[in-house]
Amino acid sequence: MRNLIDILELSTDEIDELIVRAEDIIAHPDAYREKCRYKKLATLFFEPSTRTRLSFEAAMLDLGGSVLGFSEAQASSAAKGESVADTVRTVGCYADIIAMRHPKEGAPYVASQHAGIPVINAGDGGHNHPTQTLTDLLTIKREKGRLDNLKIGVCGDLKFGRTVHSLIEAMSRYEGVSFTLISPEELKLPSYVKNECLKKKGIPYSQTTNLLEALPNLDILYMTRVQRERFFNEEDYIRLKDSYILTPDKLAGAREDLTIMHPLPRVNEISVAIDDDPRAAYFRQVANGKFIRMALILKLLGL
């Protein structure tokens, strides 16, 4: 039985296969309408989510399957003190596959040891978010036509941003990729990510606090929000939350073929005035999330 807890559990060949299948689903949706008939996906979301939960549900429904689960911890027996292990053992009696989000790092891994059915990590604290990374990779492939030889800027909360950590881990395996790390000093990329993913592999990277200076050199700008829920101190959040706000005037020096991405939700870090700019790919990114999750569900169910 196969799970997906960390993006590095997938080889680049497997990622490429998932992307090919997702693109086939986009091109031939009718061919996949009954692939998961009589199969059930359980969405166990112990932490709020809109896009991830609904895209998993839409993915399973579009494959002809059905969905059960809960959208917050208070709606489950976790509110009574039930352990993750017991919860997933129970759910494993009712469903064929689980998508799980949890605020505690490592909880989906624990779930995968006890569920008896495949478990997909739909985000665990500030740790991993592998299906968002697959969404990002499909988006990059569809926008740029390749996953290699790209200059990628990641901007905003690089300390707590699990989407950033997973994206760097995944993209660091492709040739000719370099990174520009744009953040306030307090929200810099953790040293363990830099050491394991960048320094150890000799991948070029630079760090800066200046978004405007970095923009002209980038093929991709990956924006993130400063996450209130990851802060222990409200004053620190308020001080840092508006560090980077992308507006049309700031794009004046950017490339015409720049791709602007964001895992969403956004607060105010990308002006709505940019939404109609052809370089803004974040809502196309949202749509891609459903298709890559369809491909992943089929892979883990062996269909």
# chains A, B, ... in the order shown; residues from 1 in each chain; ligands from 1

$ select_by_dssp --residues "segment 98-260 of chain A" --states "strand (DSSP E)" --output "JSON, numbers by chain"
{"A": [98, 99, 100, 101, 102, 119, 120, 121, 122, 123, 124, 151, 152, 153, 154, 155, 178, 179, 180, 181, 182, 205, 206, 207, 208, 220, 221, 222, 223, 259, 260]}

$ residues_around --residues "Thr208 of chain A" --least-positions-apart "6" --cutoff "10 Å" --atoms "only C-alpha atoms" --output "number ranges by chain"
A: 155, 180-185, 188, 214

$ write_last_selection --atoms "C-alpha atoms" --output "short mmCIF file (atom, residue, chain, number, x, y, z; two decimals), in the first residue's frame"
data_model
loop_
_atom_site.label_atom_id
_atom_site.label_comp_id
_atom_site.auth_asym_id
_atom_site.auth_seq_id
_atom_site.Cartn_x
_atom_site.Cartn_y
_atom_site.Cartn_z
CA CYS A 155 8.44 35.73 -1.51
CA THR A 180 15.80 33.92 -5.05
CA LEU A 181 14.58 33.94 -1.44
CA ILE A 182 12.69 37.17 -0.69
CA SER A 183 11.55 37.77 2.90
CA PRO A 184 11.92 39.89 6.03
CA GLU A 185 14.85 38.81 8.22
CA LYS A 188 13.82 33.74 6.29
CA ALA A 214 14.66 40.62 -7.57
#

$ residues_around --residues "Asp62 of chain A" --least-positions-apart "2" --cutoff "12 Å" --atoms "only C-alpha atoms" --output "PDB file with all heavy atoms, in the first residue's frame"
ATOM      1  N   ILE A  25      -6.297  13.946 -18.206  1.00  0.00           N
ATOM      2  CA  ILE A  25      -7.610  14.166 -17.588  1.00  0.00           C
ATOM      3  C   ILE A  25      -8.200  15.493 -18.077  1.00  0.00           C
ATOM      4  O   ILE A  25      -9.392  15.580 -18.389  1.00  0.00           O
ATOM      5  CB  ILE A  25      -7.487  14.158 -16.047  1.00  0.00           C
ATOM      6  CG1 ILE A  25      -7.150  12.751 -15.548  1.00  0.00           C
ATOM      7  CG2 ILE A  25      -8.777  14.663 -15.401  1.00  0.00           C
ATOM      8  CD1 ILE A  25      -6.742  12.687 -14.079  1.00  0.00           C
ATOM      9  N   ILE A  26      -7.349  16.526 -18.160  1.00  0.00           N
ATOM     10  CA  ILE A  26      -7.802  17.834 -18.646  1.00  0.00           C
ATOM     11  C   ILE A  26      -8.294  17.722 -20.096  1.00  0.00           C
ATOM     12  O   ILE A  26      -9.318  18.289 -20.465  1.00  0.00           O
ATOM     13  CB  ILE A  26      -6.655  18.869 -18.539  1.00  0.00           C
ATOM     14  CG1 ILE A  26      -6.336  19.161 -17.068  1.00  0.00           C
ATOM     15  CG2 ILE A  26      -7.018  20.174 -19.266  1.00  0.00           C
ATOM     16  CD1 ILE A  26      -5.037  19.920 -16.849  1.00  0.00           C
ATOM     17  N   PRO A  29     -11.761  14.529 -20.113  1.00  0.00           N
ATOM     18  CA  PRO A  29     -12.437  14.324 -18.825  1.00  0.00           C
ATOM     19  C   PRO A  29     -13.454  13.184 -18.825  1.00  0.00           C
ATOM     20  O   PRO A  29     -13.592  12.471 -17.819  1.00  0.00           O
ATOM     21  CB  PRO A  29     -13.116  15.677 -18.558  1.00  0.00           C
ATOM     22  CG  PRO A  29     -13.204  16.346 -19.907  1.00  0.00           C
ATOM     23  CD  PRO A  29     -12.014  15.874 -20.657  1.00  0.00           C
ATOM     24  N   ASP A  30     -14.131  12.977 -19.942  1.00  0.00           N
ATOM     25  CA  ASP A  30     -15.167  11.944 -19.982  1.00  0.00           C
ATOM     26  C   ASP A  30     -14.608  10.541 -19.795  1.00  0.00           C
ATOM     27  O   ASP A  30     -15.308   9.643 -19.305  1.00  0.00           O
ATOM     28  CB  ASP A  30     -15.946  12.017 -21.303  1.00  0.00           C
ATOM     29  CG  ASP A  30     -16.841  13.248 -21.374  1.00  0.00           C
ATOM     30  OD1 ASP A  30     -17.095  13.851 -20.309  1.00  0.00           O
ATOM     31  OD2 ASP A  30     -17.266  13.610 -22.489  1.00  0.00           O
ATOM     32  N   ALA A  31     -13.352  10.359 -20.162  1.00  0.00           N
ATOM     33  CA  ALA A  31     -12.728   9.037 -20.041  1.00  0.00           C
ATOM     34  C   ALA A  31     -12.501   8.650 -18.584  1.00  0.00           C
ATOM     35  O   ALA A  31     -12.226   7.482 -18.278  1.00  0.00           O
ATOM     36  CB  ALA A  31     -11.404   9.008 -20.802  1.00  0.00           C
ATOM     37  N   TYR A  32     -12.609   9.625 -17.675  1.00  0.00           N
ATOM     38  CA  TYR A  32     -12.293   9.370 -16.261  1.00  0.00           C
ATOM     39  C   TYR A  32     -13.520   9.432 -15.350  1.00  0.00           C
ATOM     40  O   TYR A  32     -13.404   9.250 -14.143  1.00  0.00           O
ATOM     41  CB  TYR A  32     -11.245  10.380 -15.782  1.00  0.00           C
ATOM     42  CG  TYR A  32      -9.892  10.159 -16.419  1.00  0.00           C
ATOM     43  CD1 TYR A  32      -9.585  10.719 -17.653  1.00  0.00           C
ATOM     44  CD2 TYR A  32      -8.945   9.355 -15.804  1.00  0.00           C
ATOM     45  CE1 TYR A  32      -8.343  10.496 -18.264  1.00  0.00           C
ATOM     46  CE2 TYR A  32      -7.707   9.122 -16.392  1.00  0.00           C
ATOM     47  CZ  TYR A  32      -7.422   9.689 -17.621  1.00  0.00           C
ATOM     48  OH  TYR A  32      -6.208   9.453 -18.207  1.00  0.00           O
ATOM     49  N   ARG A  33     -14.702   9.625 -15.921  1.00  0.00           N
ATOM     50  CA  ARG A  33     -15.909   9.879 -15.113  1.00  0.00           C
ATOM     51  C   ARG A  33     -16.300   8.721 -14.205  1.00  0.00           C
ATOM     52  O   ARG A  33     -16.949   8.926 -13.180  1.00  0.00           O
ATOM     53  CB  ARG A  33     -17.087  10.195 -16.042  1.00  0.00           C
ATOM     54  CG  ARG A  33     -16.926  11.466 -16.841  1.00  0.00           C
ATOM     55  CD  ARG A  33     -17.537  12.667 -16.141  1.00  0.00           C
ATOM     56  NE  ARG A  33     -17.428  13.865 -16.969  1.00  0.00           N
ATOM     57  CZ  ARG A  33     -16.840  14.993 -16.578  1.00  0.00           C
ATOM     58  NH1 ARG A  33     -16.315  15.066 -15.370  1.00  0.00           N
ATOM     59  NH2 ARG A  33     -16.794  16.033 -17.371  1.00  0.00           N
ATOM     60  N   GLU A  34     -15.921   7.499 -14.594  1.00  0.00           N
ATOM     61  CA  GLU A  34     -16.345   6.326 -13.811  1.00  0.00           C
ATOM     62  C   GLU A  34     -15.162   5.586 -13.188  1.00  0.00           C
ATOM     63  O   GLU A  34     -15.336   4.491 -12.639  1.00  0.00           O
ATOM     64  CB  GLU A  34     -17.122   5.357 -14.709  1.00  0.00           C
ATOM     65  CG  GLU A  34     -18.380   5.942 -15.332  1.00  0.00           C
ATOM     66  CD  GLU A  34     -19.479   6.163 -14.297  1.00  0.00           C
ATOM     67  OE1 GLU A  34     -19.652   5.291 -13.429  1.00  0.00           O
ATOM     68  OE2 GLU A  34     -20.139   7.223 -14.356  1.00  0.00           O
ATOM     69  N   LYS A  35     -13.979   6.160 -13.241  1.00  0.00           N
ATOM     70  CA  LYS A  35     -12.773   5.442 -12.793  1.00  0.00           C
ATOM     71  C   LYS A  35     -12.836   5.047 -11.314  1.00  0.00           C
ATOM     72  O   LYS A  35     -12.273   4.026 -10.913  1.00  0.00           O
ATOM     73  CB  LYS A  35     -11.526   6.305 -13.027  1.00  0.00           C
ATOM     74  CG  LYS A  35     -11.112   6.447 -14.473  1.00  0.00           C
ATOM     75  CD  LYS A  35     -10.398   5.208 -14.969  1.00  0.00           C
ATOM     76  CE  LYS A  35      -9.819   5.422 -16.366  1.00  0.00           C
ATOM     77  NZ  LYS A  35      -9.163   4.196 -16.878  1.00  0.00           N
ATOM     78  N   CYS A  36     -13.488   5.873 -10.495  1.00  0.00           N
ATOM     79  CA  CYS A  36     -13.560   5.570  -9.060  1.00  0.00           C
ATOM     80  C   CYS A  36     -14.975   5.236  -8.603  1.00  0.00           C
ATOM     81  O   CYS A  36     -15.337   5.461  -7.445  1.00  0.00           O
ATOM     82  CB  CYS A  36     -13.013   6.747  -8.248  1.00  0.00           C
ATOM     83  SG  CYS A  36     -11.214   6.851  -8.256  1.00  0.00           S
ATOM     84  N   ARG A  37     -15.762   4.715  -9.503  1.00  0.00           N
ATOM     85  CA  ARG A  37     -17.125   4.311  -9.145  1.00  0.00           C
ATOM     86  C   ARG A  37     -17.092   3.306  -7.982  1.00  0.00           C
ATOM     87  O   ARG A  37     -16.284   2.362  -7.993  1.00  0.00           O
ATOM     88  CB  ARG A  37     -17.812   3.683 -10.361  1.00  0.00           C
ATOM     89  CG  ARG A  37     -19.309   3.555 -10.211  1.00  0.00           C
ATOM     90  CD  ARG A  37     -19.923   2.990 -11.475  1.00  0.00           C
ATOM     91  NE  ARG A  37     -21.382   2.918 -11.351  1.00  0.00           N
ATOM     92  CZ  ARG A  37     -22.151   2.248 -12.187  1.00  0.00           C
ATOM     93  NH1 ARG A  37     -21.611   1.591 -13.208  1.00  0.00           N
ATOM     94  NH2 ARG A  37     -23.465   2.228 -12.020  1.00  0.00           N
ATOM     95  N   LYS A  39     -15.907   3.822  -5.114  1.00  0.00           N
ATOM     96  CA  LYS A  39     -14.798   4.122  -4.195  1.00  0.00           C
ATOM     97  C   LYS A  39     -15.150   5.342  -3.350  1.00  0.00           C
ATOM     98  O   LYS A  39     -15.846   6.250  -3.801  1.00  0.00           O
ATOM     99  CB  LYS A  39     -13.498   4.393  -4.970  1.00  0.00           C
ATOM    100  CG  LYS A  39     -13.009   3.232  -5.814  1.00  0.00           C
ATOM    101  CD  LYS A  39     -12.506   2.092  -4.941  1.00  0.00           C
ATOM    102  CE  LYS A  39     -11.885   0.982  -5.789  1.00  0.00           C
ATOM    103  NZ  LYS A  39     -11.437  -0.153  -4.957  1.00  0.00           N
ATOM    104  N   LEU A  54     -11.960  21.170  -0.820  1.00  0.00           N
ATOM    105  CA  LEU A  54     -12.943  21.130  -1.909  1.00  0.00           C
ATOM    106  C   LEU A  54     -12.350  20.549  -3.188  1.00  0.00           C
ATOM    107  O   LEU A  54     -13.052  19.877  -3.948  1.00  0.00           O
ATOM    108  CB  LEU A  54     -13.505  22.529  -2.170  1.00  0.00           C
ATOM    109  CG  LEU A  54     -14.357  23.118  -1.037  1.00  0.00           C
ATOM    110  CD1 LEU A  54     -14.908  24.482  -1.443  1.00  0.00           C
ATOM    111  CD2 LEU A  54     -15.494  22.191  -0.642  1.00  0.00           C
ATOM    112  N   SER A  55     -11.055  20.777  -3.425  1.00  0.00           N
ATOM    113  CA  SER A  55     -10.467  20.203  -4.642  1.00  0.00           C
ATOM    114  C   SER A  55     -10.343  18.689  -4.530  1.00  0.00           C
ATOM    115  O   SER A  55     -10.532  17.972  -5.513  1.00  0.00           O
ATOM    116  CB  SER A  55      -9.110  20.839  -4.959  1.00  0.00           C
ATOM    117  OG  SER A  55      -8.142  20.484  -4.003  1.00  0.00           O
ATOM    118  N   PHE A  56     -10.043  18.175  -3.326  1.00  0.00           N
ATOM    119  CA  PHE A  56     -10.055  16.720  -3.132  1.00  0.00           C
ATOM    120  C   PHE A  56     -11.454  16.163  -3.360  1.00  0.00           C
ATOM    121  O   PHE A  56     -11.639  15.130  -4.010  1.00  0.00           O
ATOM    122  CB  PHE A  56      -9.577  16.358  -1.721  1.00  0.00           C
ATOM    123  CG  PHE A  56      -8.106  16.068  -1.632  1.00  0.00           C
ATOM    124  CD1 PHE A  56      -7.258  16.905  -0.923  1.00  0.00           C
ATOM    125  CD2 PHE A  56      -7.562  14.952  -2.253  1.00  0.00           C
ATOM    126  CE1 PHE A  56      -5.898  16.638  -0.826  1.00  0.00           C
ATOM    127  CE2 PHE A  56      -6.201  14.669  -2.168  1.00  0.00           C
ATOM    128  CZ  PHE A  56      -5.364  15.521  -1.448  1.00  0.00           C
ATOM    129  N   GLU A  57     -12.456  16.847  -2.800  1.00  0.00           N
ATOM    130  CA  GLU A  57     -13.822  16.370  -2.955  1.00  0.00           C
ATOM    131  C   GLU A  57     -14.260  16.424  -4.422  1.00  0.00           C
ATOM    132  O   GLU A  57     -14.838  15.469  -4.940  1.00  0.00           O
ATOM    133  CB  GLU A  57     -14.761  17.192  -2.069  1.00  0.00           C
ATOM    134  CG  GLU A  57     -14.503  16.963  -0.584  1.00  0.00           C
ATOM    135  CD  GLU A  57     -15.465  17.714   0.322  1.00  0.00           C
ATOM    136  OE1 GLU A  57     -16.359  18.412  -0.204  1.00  0.00           O
ATOM    137  OE2 GLU A  57     -15.330  17.585   1.550  1.00  0.00           O
ATOM    138  N   ALA A  58     -13.955  17.542  -5.085  1.00  0.00           N
ATOM    139  CA  ALA A  58     -14.309  17.666  -6.501  1.00  0.00           C
ATOM    140  C   ALA A  58     -13.579  16.620  -7.337  1.00  0.00           C
ATOM    141  O   ALA A  58     -14.151  16.041  -8.276  1.00  0.00           O
ATOM    142  CB  ALA A  58     -13.972  19.067  -7.005  1.00  0.00           C
ATOM    143  N   ALA A  59     -12.314  16.349  -6.996  1.00  0.00           N
ATOM    144  CA  ALA A  59     -11.529  15.348  -7.719  1.00  0.00           C
ATOM    145  C   ALA A  59     -12.192  13.979  -7.639  1.00  0.00           C
ATOM    146  O   ALA A  59     -12.365  13.285  -8.652  1.00  0.00           O
ATOM    147  CB  ALA A  59     -10.111  15.283  -7.153  1.00  0.00           C
ATOM    148  N   MET A  60     -12.572  13.572  -6.423  1.00  0.00           N
ATOM    149  CA  MET A  60     -13.182  12.245  -6.261  1.00  0.00           C
ATOM    150  C   MET A  60     -14.553  12.180  -6.933  1.00  0.00           C
ATOM    151  O   MET A  60     -14.884  11.173  -7.579  1.00  0.00           O
ATOM    152  CB  MET A  60     -13.304  11.913  -4.772  1.00  0.00           C
ATOM    153  CG  MET A  60     -13.625  10.452  -4.505  1.00  0.00           C
ATOM    154  SD  MET A  60     -12.356   9.347  -5.219  1.00  0.00           S
ATOM    155  CE  MET A  60     -12.645   7.826  -4.330  1.00  0.00           C
ATOM    156  N   GLY A  64     -16.158   9.841 -10.314  1.00  0.00           N
ATOM    157  CA  GLY A  64     -17.290   8.951 -10.123  1.00  0.00           C
ATOM    158  C   GLY A  64     -17.381   8.346  -8.745  1.00  0.00           C
ATOM    159  O   GLY A  64     -18.236   7.486  -8.491  1.00  0.00           O
ATOM    160  N   GLY A  65     -16.501   8.765  -7.819  1.00  0.00           N
ATOM    161  CA  GLY A  65     -16.516   8.244  -6.463  1.00  0.00           C
ATOM    162  C   GLY A  65     -17.376   9.088  -5.549  1.00  0.00           C
ATOM    163  O   GLY A  65     -18.080   9.995  -5.991  1.00  0.00           O
ATOM    164  N   SER A  66     -17.315   8.791  -4.257  1.00  0.00           N
ATOM    165  CA  SER A  66     -18.076   9.554  -3.274  1.00  0.00           C
ATOM    166  C   SER A  66     -17.158   9.996  -2.140  1.00  0.00           C
ATOM    167  O   SER A  66     -16.022   9.516  -2.021  1.00  0.00           O
ATOM    168  CB  SER A  66     -19.253   8.736  -2.730  1.00  0.00           C
ATOM    169  OG  SER A  66     -18.802   7.488  -2.246  1.00  0.00           O
ATOM    170  N   VAL A  67     -17.670  10.910  -1.310  1.00  0.00           N
ATOM    171  CA  VAL A  67     -16.840  11.551  -0.288  1.00  0.00           C
ATOM    172  C   VAL A  67     -17.560  11.546   1.044  1.00  0.00           C
ATOM    173  O   VAL A  67     -18.775  11.755   1.117  1.00  0.00           O
ATOM    174  CB  VAL A  67     -16.526  13.017  -0.691  1.00  0.00           C
ATOM    175  CG1 VAL A  67     -15.661  13.695   0.374  1.00  0.00           C
ATOM    176  CG2 VAL A  67     -15.820  13.069  -2.045  1.00  0.00           C
ATOM    177  N   LYS A 290      -7.241  20.389  -8.749  1.00  0.00           N
ATOM    178  CA  LYS A 290      -8.206  19.292  -8.855  1.00  0.00           C
ATOM    179  C   LYS A 290      -7.681  18.189  -9.767  1.00  0.00           C
ATOM    180  O   LYS A 290      -7.774  16.995  -9.439  1.00  0.00           O
ATOM    181  CB  LYS A 290      -9.545  19.812  -9.389  1.00  0.00           C
ATOM    182  CG  LYS A 290     -10.607  18.732  -9.485  1.00  0.00           C
ATOM    183  CD  LYS A 290     -11.895  19.209 -10.119  1.00  0.00           C
ATOM    184  CE  LYS A 290     -11.770  19.399 -11.621  1.00  0.00           C
ATOM    185  NZ  LYS A 290     -13.071  19.589 -12.286  1.00  0.00           N
ATOM    186  N   PHE A 291      -7.089  18.581 -10.888  1.00  0.00           N
ATOM    187  CA  PHE A 291      -6.659  17.575 -11.866  1.00  0.00           C
ATOM    188  C   PHE A 291      -5.480  16.741 -11.362  1.00  0.00           C
ATOM    189  O   PHE A 291      -5.453  15.524 -11.577  1.00  0.00           O
ATOM    190  CB  PHE A 291      -6.302  18.268 -13.184  1.00  0.00           C
ATOM    191  CG  PHE A 291      -7.459  19.019 -13.786  1.00  0.00           C
ATOM    192  CD1 PHE A 291      -7.382  20.388 -14.005  1.00  0.00           C
ATOM    193  CD2 PHE A 291      -8.636  18.366 -14.119  1.00  0.00           C
ATOM    194  CE1 PHE A 291      -8.451  21.087 -14.554  1.00  0.00           C
ATOM    195  CE2 PHE A 291      -9.713  19.050 -14.664  1.00  0.00           C
ATOM    196  CZ  PHE A 291      -9.625  20.425 -14.880  1.00  0.00           C
ATOM    197  N   ARG A 293      -4.814  16.131  -8.249  1.00  0.00           N
ATOM    198  CA  ARG A 293      -5.319  15.272  -7.169  1.00  0.00           C
ATOM    199  C   ARG A 293      -6.109  14.093  -7.737  1.00  0.00           C
ATOM    200  O   ARG A 293      -6.088  13.003  -7.171  1.00  0.00           O
ATOM    201  CB  ARG A 293      -6.143  16.102  -6.175  1.00  0.00           C
ATOM    202  CG  ARG A 293      -5.262  17.033  -5.335  1.00  0.00           C
ATOM    203  CD  ARG A 293      -6.032  17.899  -4.350  1.00  0.00           C
ATOM    204  NE  ARG A 293      -5.107  18.664  -3.526  1.00  0.00           N
ATOM    205  CZ  ARG A 293      -4.823  19.957  -3.681  1.00  0.00           C
ATOM    206  NH1 ARG A 293      -5.417  20.655  -4.658  1.00  0.00           N
ATOM    207  NH2 ARG A 293      -3.954  20.568  -2.887  1.00  0.00           N
ATOM    208  N   MET A 294      -6.786  14.308  -8.856  1.00  0.00           N
ATOM    209  CA  MET A 294      -7.447  13.180  -9.528  1.00  0.00           C
ATOM    210  C   MET A 294      -6.401  12.154  -9.940  1.00  0.00           C
ATOM    211  O   MET A 294      -6.577  10.942  -9.721  1.00  0.00           O
ATOM    212  CB  MET A 294      -8.213  13.678 -10.750  1.00  0.00           C
ATOM    213  CG  MET A 294      -9.454  14.490 -10.412  1.00  0.00           C
ATOM    214  SD  MET A 294     -10.226  15.281 -11.855  1.00  0.00           S
ATOM    215  CE  MET A 294     -11.030  13.882 -12.638  1.00  0.00           C
ATOM    216  N   ALA A 295      -5.302  12.616 -10.541  1.00  0.00           N
ATOM    217  CA  ALA A 295      -4.244  11.709 -10.982  1.00  0.00           C
ATOM    218  C   ALA A 295      -3.634  10.970  -9.799  1.00  0.00           C
ATOM    219  O   ALA A 295      -3.346   9.762  -9.879  1.00  0.00           O
ATOM    220  CB  ALA A 295      -3.166  12.490 -11.726  1.00  0.00           C
ATOM    221  N   ILE A 297      -5.057  10.307  -6.771  1.00  0.00           N
ATOM    222  CA  ILE A 297      -6.017   9.344  -6.241  1.00  0.00           C
ATOM    223  C   ILE A 297      -6.001   8.062  -7.080  1.00  0.00           C
ATOM    224  O   ILE A 297      -5.958   6.946  -6.532  1.00  0.00           O
ATOM    225  CB  ILE A 297      -7.436   9.952  -6.199  1.00  0.00           C
ATOM    226  CG1 ILE A 297      -7.530  11.010  -5.088  1.00  0.00           C
ATOM    227  CG2 ILE A 297      -8.494   8.865  -5.989  1.00  0.00           C
ATOM    228  CD1 ILE A 297      -8.780  11.881  -5.166  1.00  0.00           C
ATOM    229  N   LEU A 298      -5.989   8.215  -8.382  1.00  0.00           N
ATOM    230  CA  LEU A 298      -5.955   7.035  -9.256  1.00  0.00           C
ATOM    231  C   LEU A 298      -4.673   6.243  -9.047  1.00  0.00           C
ATOM    232  O   LEU A 298      -4.713   4.991  -9.003  1.00  0.00           O
ATOM    233  CB  LEU A 298      -6.051   7.478 -10.718  1.00  0.00           C
ATOM    234  CG  LEU A 298      -7.402   8.062 -11.153  1.00  0.00           C
ATOM    235  CD1 LEU A 298      -7.303   8.682 -12.549  1.00  0.00           C
ATOM    236  CD2 LEU A 298      -8.487   6.975 -11.121  1.00  0.00           C
TER     237      LEU A 298
END

$ residues_around --residues "Thr43 of chain A" --least-positions-apart "6" --cutoff "10 Å" --atoms "only C-alpha atoms" --output "PDB file with N, CA, C and O atoms, in the first residue's frame"
ATOM      1  N   THR A  52      -8.002  23.149  -0.693  1.00  0.00           N
ATOM      2  CA  THR A  52      -7.491  21.780  -0.630  1.00  0.00           C
ATOM      3  C   THR A  52      -8.628  20.789  -0.395  1.00  0.00           C
ATOM      4  O   THR A  52      -8.761  19.793  -1.120  1.00  0.00           O
ATOM      5  N   ARG A  53      -9.481  21.073   0.589  1.00  0.00           N
ATOM      6  CA  ARG A  53     -10.575  20.142   0.888  1.00  0.00           C
ATOM      7  C   ARG A  53     -11.542  20.032  -0.287  1.00  0.00           C
ATOM      8  O   ARG A  53     -11.897  18.932  -0.718  1.00  0.00           O
ATOM      9  N   LEU A  54     -11.960  21.170  -0.820  1.00  0.00           N
ATOM     10  CA  LEU A  54     -12.943  21.130  -1.909  1.00  0.00           C
ATOM     11  C   LEU A  54     -12.350  20.549  -3.188  1.00  0.00           C
ATOM     12  O   LEU A  54     -13.052  19.877  -3.948  1.00  0.00           O
ATOM     13  N   PHE A  56     -10.043  18.175  -3.326  1.00  0.00           N
ATOM     14  CA  PHE A  56     -10.055  16.720  -3.132  1.00  0.00           C
ATOM     15  C   PHE A  56     -11.454  16.163  -3.360  1.00  0.00           C
ATOM     16  O   PHE A  56     -11.639  15.130  -4.010  1.00  0.00           O
ATOM     17  N   GLU A  57     -12.456  16.847  -2.800  1.00  0.00           N
ATOM     18  CA  GLU A  57     -13.822  16.370  -2.955  1.00  0.00           C
ATOM     19  C   GLU A  57     -14.260  16.424  -4.422  1.00  0.00           C
ATOM     20  O   GLU A  57     -14.838  15.469  -4.940  1.00  0.00           O
ATOM     21  N   VAL A  67     -17.670  10.910  -1.310  1.00  0.00           N
ATOM     22  CA  VAL A  67     -16.840  11.551  -0.288  1.00  0.00           C
ATOM     23  C   VAL A  67     -17.560  11.546   1.044  1.00  0.00           C
ATOM     24  O   VAL A  67     -18.775  11.755   1.117  1.00  0.00           O
ATOM     25  N   LEU A  68     -16.800  11.296   2.110  1.00  0.00           N
ATOM     26  CA  LEU A  68     -17.302  11.453   3.467  1.00  0.00           C
ATOM     27  C   LEU A  68     -16.197  12.091   4.306  1.00  0.00           C
ATOM     28  O   LEU A  68     -15.048  12.155   3.867  1.00  0.00           O
ATOM     29  N   GLY A  69     -16.533  12.580   5.503  1.00  0.00           N
ATOM     30  CA  GLY A  69     -15.492  13.161   6.330  1.00  0.00           C
ATOM     31  C   GLY A  69     -15.973  14.347   7.122  1.00  0.00           C
ATOM     32  O   GLY A  69     -17.171  14.559   7.302  1.00  0.00           O
ATOM     33  N   PHE A  70     -15.009  15.154   7.614  1.00  0.00           N
ATOM     34  CA  PHE A  70     -15.335  16.338   8.402  1.00  0.00           C
ATOM     35  C   PHE A  70     -14.367  17.451   8.043  1.00  0.00           C
ATOM     36  O   PHE A  70     -13.278  17.215   7.521  1.00  0.00           O
ATOM     37  N   SER A  71     -14.794  18.697   8.330  1.00  0.00           N
ATOM     38  CA  SER A  71     -14.025  19.864   7.909  1.00  0.00           C
ATOM     39  C   SER A  71     -13.393  20.625   9.071  1.00  0.00           C
ATOM     40  O   SER A  71     -12.741  21.647   8.867  1.00  0.00           O
ATOM     41  N   VAL A  91     -11.973   5.180  10.379  1.00  0.00           N
ATOM     42  CA  VAL A  91     -12.305   5.646   9.029  1.00  0.00           C
ATOM     43  C   VAL A  91     -11.893   4.620   7.984  1.00  0.00           C
ATOM     44  O   VAL A  91     -12.562   4.445   6.959  1.00  0.00           O
ATOM     45  N   ALA A  95     -13.869   3.798   4.302  1.00  0.00           N
ATOM     46  CA  ALA A  95     -13.416   4.468   3.080  1.00  0.00           C
ATOM     47  C   ALA A  95     -12.305   3.677   2.400  1.00  0.00           C
ATOM     48  O   ALA A  95     -11.775   2.703   2.964  1.00  0.00           O
ATOM     49  N   ILE A  97      -9.654   5.534   0.744  1.00  0.00           N
ATOM     50  CA  ILE A  97      -8.478   6.397   0.733  1.00  0.00           C
ATOM     51  C   ILE A  97      -8.789   7.618   1.600  1.00  0.00           C
ATOM     52  O   ILE A  97      -9.955   8.025   1.713  1.00  0.00           O
ATOM     53  N   ILE A  98      -7.754   8.172   2.243  1.00  0.00           N
ATOM     54  CA  ILE A  98      -7.917   9.305   3.167  1.00  0.00           C
ATOM     55  C   ILE A  98      -7.080  10.490   2.701  1.00  0.00           C
ATOM     56  O   ILE A  98      -5.917  10.326   2.320  1.00  0.00           O
ATOM     57  N   ALA A  99      -7.670  11.685   2.731  1.00  0.00           N
ATOM     58  CA  ALA A  99      -6.908  12.932   2.605  1.00  0.00           C
ATOM     59  C   ALA A  99      -7.003  13.627   3.955  1.00  0.00           C
ATOM     60  O   ALA A  99      -8.108  13.888   4.441  1.00  0.00           O
ATOM     61  N   MET A 100      -5.855  13.936   4.567  1.00  0.00           N
ATOM     62  CA  MET A 100      -5.852  14.421   5.945  1.00  0.00           C
ATOM     63  C   MET A 100      -5.046  15.698   6.102  1.00  0.00           C
ATOM     64  O   MET A 100      -3.902  15.777   5.646  1.00  0.00           O
ATOM     65  N   ARG A 101      -5.657  16.693   6.732  1.00  0.00           N
ATOM     66  CA  ARG A 101      -4.934  17.906   7.142  1.00  0.00           C
ATOM     67  C   ARG A 101      -4.956  17.992   8.660  1.00  0.00           C
ATOM     68  O   ARG A 101      -5.983  17.736   9.284  1.00  0.00           O
ATOM     69  N   ILE A 120      -3.184  10.442   2.205  1.00  0.00           N
ATOM     70  CA  ILE A 120      -2.556  11.578   1.537  1.00  0.00           C
ATOM     71  C   ILE A 120      -2.446  12.720   2.538  1.00  0.00           C
ATOM     72  O   ILE A 120      -3.442  13.096   3.164  1.00  0.00           O
ATOM     73  N   ALA A 122      -2.601  16.250   3.393  1.00  0.00           N
ATOM     74  CA  ALA A 122      -3.170  17.471   2.810  1.00  0.00           C
ATOM     75  C   ALA A 122      -2.692  18.713   3.564  1.00  0.00           C
ATOM     76  O   ALA A 122      -3.333  19.761   3.506  1.00  0.00           O
TER      77      ALA A 122
END

$ atom_distance --atom1 "atom CA of Asp96 of chain A" --atom2 "atom CA of Arg162 of chain A"
26.8 Å
